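Here the structure comes first, spelled out in structure tokens, and everything after it is commentary.
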Amino acid sequence: MSDTDRPWGLDTLAIREGIARTQYNEHNEPLFLSSSFVFDNAAQAAARFAGDEDGFIYSRAGNPTVAAFQNRLAALEGGEACVATASGMSAIMATVMSLTRAGDHVVAAFELFGATLQLFGILQRFGIEVTFVRQDDIDAWRAAIRPNTKLLYLETPSNPLTTLTDVRALAAVARERGVMLAVDNCFCSPALQTPLAMGADIVVHSATKYIDGQGRVLGGAVVGGRKYIEETLAPFVRTTGPTLSAFNAWVLQKGLETLGMRMQRQSANALALATWLQAQPGVSRVHYPGLPSHPQHALALAQQKTGGAIVSFELGRDGEDLYGEALRRRAWAVVDTCRLMSITANLGDVKTTITHPASTTHGRAGAEARRAAGVNEGLIRIAVGAEDPADLIDDLGRALASAR
Ligand SMILES: *Cc1c(COP(=O)(O)O)cnc(C)c1O
């Protein structure tokens with residue numbers, strides 16, 4: 001923490017927050033690979049188990065490396081406390097299950113990450129009711145809230161079409177109706193957007209993506225107020241067990257050190273690629289919040305530092321069947337012709353990745369749902385990395401030319 005009146009800036013927090021040096025005075029963050037911790041005597045063991053003495057007991061309940069990562073991420077998000085989890089999905093599961101019981105109701109964005117939609121399907125089996133609304137329609141969110149609603153849940157921007165939710169406006173609705181608002185901040189990361197500062201109660205992360213940033217490990221995290229995190233969420237995670245491993249926490253803590261510069265560079269590359277894509281023959285539409293042509297560009301400027309690093313574009317021609325085989329073949333040809341961009345499921349990596357959402361991330365959703373979501377066969381998503389932008393443009397340029 002800063003020792004002047006002025007709090008540390010984001011990049012300083014990302015590099016310096018949450019360091020507790022051991023007796024060896026190591027400069028780099030230490031890694032504590034230990035499933036449990038030793039007590040001086042039986043009385044100390046009893047005091048730790050009873051919660052009368054602070055200290056680590058067993059790594060499912062707490063580990064110094066995991067705690068250091070949690071403290072650093074909480075500081076970056078402007079939250080009081082954080083619990084890290086084994087994956088983004090376990091962070092989302094723990095958030096929803098810790099706040100609800102059978103008979104409760106959740107309102108969620110229709111545009112959520114595919115596995116999150118499937119998770120809500122599983123939770124419905126346990127008596128948790130879910131209503132889906134279009135994420136940019138604040139009136140729809142308000143109308144969907146019922147007396148038994150406990151949580152509003154969304155991502156902004158959405159994947160792959162980069163639709164935004166006005167977090168400040170929705171937070172005002174949540175406050176007025178006494179429900180919690182949770183935002184999956186995976187796509188922007190705290191380097192570009194801090195939902196808690198805009199009134200959200202909880203931030204959820206897949207740390208697998210930009211927080212790692214180099215495609216190495218899975219992880220997740222939930223950040224929020226001390227009372228919710230320590231009294232409600234932490235006991236849930238400790239008991240159900242989707243704890244983050246110390247090794248992964250160490251990798252993710254190192255990932256946070258470079259988060260700010262990676263997000264700046266990857267956003268600049270994304271803007272360059274999106275601007276170039278807009279001028280390409282055969283590209284009918286580009287989805288990128290950093291472009292003035294994005295329908296929510298003004299909102300993006302108001303709540304994000306940049307447009308982010310995800311760019312989607314469409315190949316469909318006027319009058320063409322947007323859900324037909326021919327368009328799918330053309331989109332696949334573009335993906336297959338790229339040599340630099342990787343065809344892979346991860347995103348947030350410094351290596352640029354390219355995907356065809358209709359046949360991958362949204363493949364299981366079914367044709368009806370894809371149509372409703374606007375994920376057509378000509379849509380291609382690029383998670384822009386940190387390579388030289390001219391090389392990315394050359395790669396995609398060659399691919400577009402070959403598929404024309
Ligand atoms: C990847 C992702 C998740 C799930 O995270 P995992 O770490 O893969 O479990 C959740 N939300 C969003 C927006 C994601 O992109």
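Within each chain, counting starts at residue 1; across the structure tokens, chains are named A, B, ... in the order shown, with ligands numbered 1 upward in that order.
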Compile the contact shell of region 328-332 of chain A as a PDB file with N, CA and C atoms, in the first residue's frame: residues with an atom at most 8 Å away, counting only C-alpha atoms, same-chain residues fewer than 3 positions apart removed.
```pdb
ATOM      1  N   LEU A 315     -18.943 -11.619 -42.632  1.00  0.00           N
ATOM      2  CA  LEU A 315     -18.651 -11.754 -44.063  1.00  0.00           C
ATOM      3  C   LEU A 315     -19.911 -11.773 -44.934  1.00  0.00           C
ATOM      4  N   TYR A 323     -27.372 -17.883 -42.411  1.00  0.00           N
ATOM      5  CA  TYR A 323     -27.264 -19.104 -41.604  1.00  0.00           C
ATOM      6  C   TYR A 323     -27.043 -20.334 -42.481  1.00  0.00           C
ATOM      7  N   GLY A 324     -26.529 -20.105 -43.691  1.00  0.00           N
ATOM      8  CA  GLY A 324     -26.357 -21.194 -44.650  1.00  0.00           C
ATOM      9  C   GLY A 324     -24.949 -21.769 -44.697  1.00  0.00           C
ATOM     10  N   GLU A 325     -24.861 -22.930 -45.352  1.00  0.00           N
ATOM     11  CA  GLU A 325     -23.597 -23.682 -45.487  1.00  0.00           C
ATOM     12  C   GLU A 325     -22.520 -22.907 -46.255  1.00  0.00           C
ATOM     13  N   VAL A 335     -10.607 -18.504 -41.574  1.00  0.00           N
ATOM     14  CA  VAL A 335      -9.952 -18.991 -40.352  1.00  0.00           C
ATOM     15  C   VAL A 335      -8.766 -19.886 -40.721  1.00  0.00           C
ATOM     16  N   ASP A 336      -9.003 -20.794 -41.673  1.00  0.00           N
ATOM     17  CA  ASP A 336      -7.972 -21.784 -42.023  1.00  0.00           C
ATOM     18  C   ASP A 336      -6.783 -21.179 -42.767  1.00  0.00           C
ATOM     19  N   HIS A 356     -14.532 -19.238 -35.089  1.00  0.00           N
ATOM     20  CA  HIS A 356     -15.818 -19.148 -35.784  1.00  0.00           C
ATOM     21  C   HIS A 356     -16.883 -19.490 -34.738  1.00  0.00           C
ATOM     22  N   GLU A 377     -23.391 -17.412 -39.538  1.00  0.00           N
ATOM     23  CA  GLU A 377     -22.297 -18.260 -40.056  1.00  0.00           C
ATOM     24  C   GLU A 377     -21.128 -17.435 -40.596  1.00  0.00           C
ATOM     25  N   GLY A 378     -21.360 -16.148 -40.862  1.00  0.00           N
ATOM     26  CA  GLY A 378     -20.287 -15.309 -41.390  1.00  0.00           C
ATOM     27  C   GLY A 378     -19.514 -14.565 -40.320  1.00  0.00           C
ATOM     28  N   LEU A 379     -19.862 -14.815 -39.056  1.00  0.00           N
ATOM     29  CA  LEU A 379     -19.224 -14.080 -37.958  1.00  0.00           C
ATOM     30  C   LEU A 379     -17.899 -14.737 -37.555  1.00  0.00           C
ATOM     31  N   ILE A 380     -16.869 -13.927 -37.438  1.00  0.00           N
ATOM     32  CA  ILE A 380     -15.543 -14.392 -37.004  1.00  0.00           C
ATOM     33  C   ILE A 380     -15.104 -13.527 -35.831  1.00  0.00           C
ATOM     34  N   ALA A 403     -10.535 -15.924 -49.568  1.00  0.00           N
ATOM     35  CA  ALA A 403     -11.914 -16.412 -49.391  1.00  0.00           C
ATOM     36  C   ALA A 403     -12.927 -15.573 -50.143  1.00  0.00           C
ATOM     37  N   ARG A 404     -12.486 -14.572 -50.880  1.00  0.00           N
ATOM     38  CA  ARG A 404     -13.413 -13.643 -51.520  1.00  0.00           C
ATOM     39  C   ARG A 404     -14.168 -14.259 -52.684  1.00  0.00           C
TER      40      ARG A 404
END
```
Exercise. Could I get the residue neighbourhood of ligand 1 at 7 Å, counting only C-alpha atoms and all ligand atoms, as number ranges by chain?
Key: A: 87-90, 113, 115-116, 155, 159, 184, 186-187, 205-209, 218-220
Exercise. Could you tell me which of A:Ala386, A:Met97, A:Leu244, A:Leu170 comes closest to Leu33 (chain A) if we count only C-alpha atoms?
Key: A:Leu244
Self-check item: Residue nearest His287 (chain A) among A:Val375, A:Val130, A:Ser402, A:Tyr228 (counting only C-alpha atoms)
Solution: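 Selected residue with least distance to His287 (chain A): A:Val375.
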Exercise. Can you work out the spacing between CA of Gln124 (chain A) and CA of Leu151 (chain A) in Å, to one decimal?
Key: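 Interatomic distance here is 14.3 Å.
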Quiz item: Which residue gives the smallest distance to Phe37 (chain A) among A:Ile57, A:Ala109, A:Ala84, A:Ala20, with only C-alpha atoms counted?
Solution: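 Of A:Ile57, A:Ala109, A:Ala84, A:Ala20, the one nearest Phe37 (chain A), counting only C-alpha atoms, is A:Ile57.
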Practice problem: Any chance you could list, as number ranges by chain, the residues in region 107-173 of chain A that come up alpha helix (DSSP H) when DSSP is run on the backbone? | Solution: A: 114-124, 138-144, 167-173
Quiz item: For Glu257 (chain A), which of A:Val286, A:Ala81, A:Ala191, A:Met198 is the closest residue, counting only C-alpha atoms?
Solution: A:Ala191
Quiz prompt | Counting only C-alpha atoms, the residue of A:Pro157, A:Gly224, A:Gly213, A:Pro235 that sits nearest Lys254 (chain A) | solution =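 For Lys254 (chain A), the nearest of the candidates is A:Gly213.
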Exercise. Extract the full set of strand (DSSP E or B) residues from region 163-243 of chain A according to DSSP on the backbone, and format it as number ranges by chain.
Key: A: 180-184, 202-206, 220-224, 243
Let's have the selection written as an mmCIF file, in the first residue's frame, with C-alpha atoms.
```
data_model
loop_
_atom_site.group_PDB
_atom_site.id
_atom_site.type_symbol
_atom_site.label_atom_id
_atom_site.label_comp_id
_atom_site.auth_asym_id
_atom_site.auth_seq_id
_atom_site.Cartn_x
_atom_site.Cartn_y
_atom_site.Cartn_z
ATOM 1 C CA MET A 180 -27.106 -7.671 -5.832
ATOM 2 C CA LEU A 181 -25.457 -6.866 -9.173
ATOM 3 C CA ALA A 182 -22.592 -9.136 -10.297
ATOM 4 C CA VAL A 183 -20.479 -8.288 -13.368
ATOM 5 C CA ASP A 184 -18.174 -10.769 -15.117
ATOM 6 C CA ILE A 202 -19.575 -8.171 -7.095
ATOM 7 C CA VAL A 203 -16.980 -8.666 -9.831
ATOM 8 C CA VAL A 204 -16.384 -12.158 -11.192
ATOM 9 C CA HIS A 205 -13.351 -13.207 -13.232
ATOM 10 C CA SER A 206 -12.117 -15.951 -15.431
ATOM 11 C CA GLY A 220 -11.091 -17.557 -11.319
ATOM 12 C CA ALA A 221 -11.891 -14.953 -8.702
ATOM 13 C CA VAL A 222 -14.727 -13.092 -7.024
ATOM 14 C CA VAL A 223 -14.191 -9.565 -5.649
ATOM 15 C CA GLY A 224 -16.593 -7.553 -3.508
ATOM 16 C CA THR A 243 -10.036 -23.630 -4.452
#
```
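The space between CA of Thr353 (chain A) and CA of Met341 (chain A) spans 5.2 Å.
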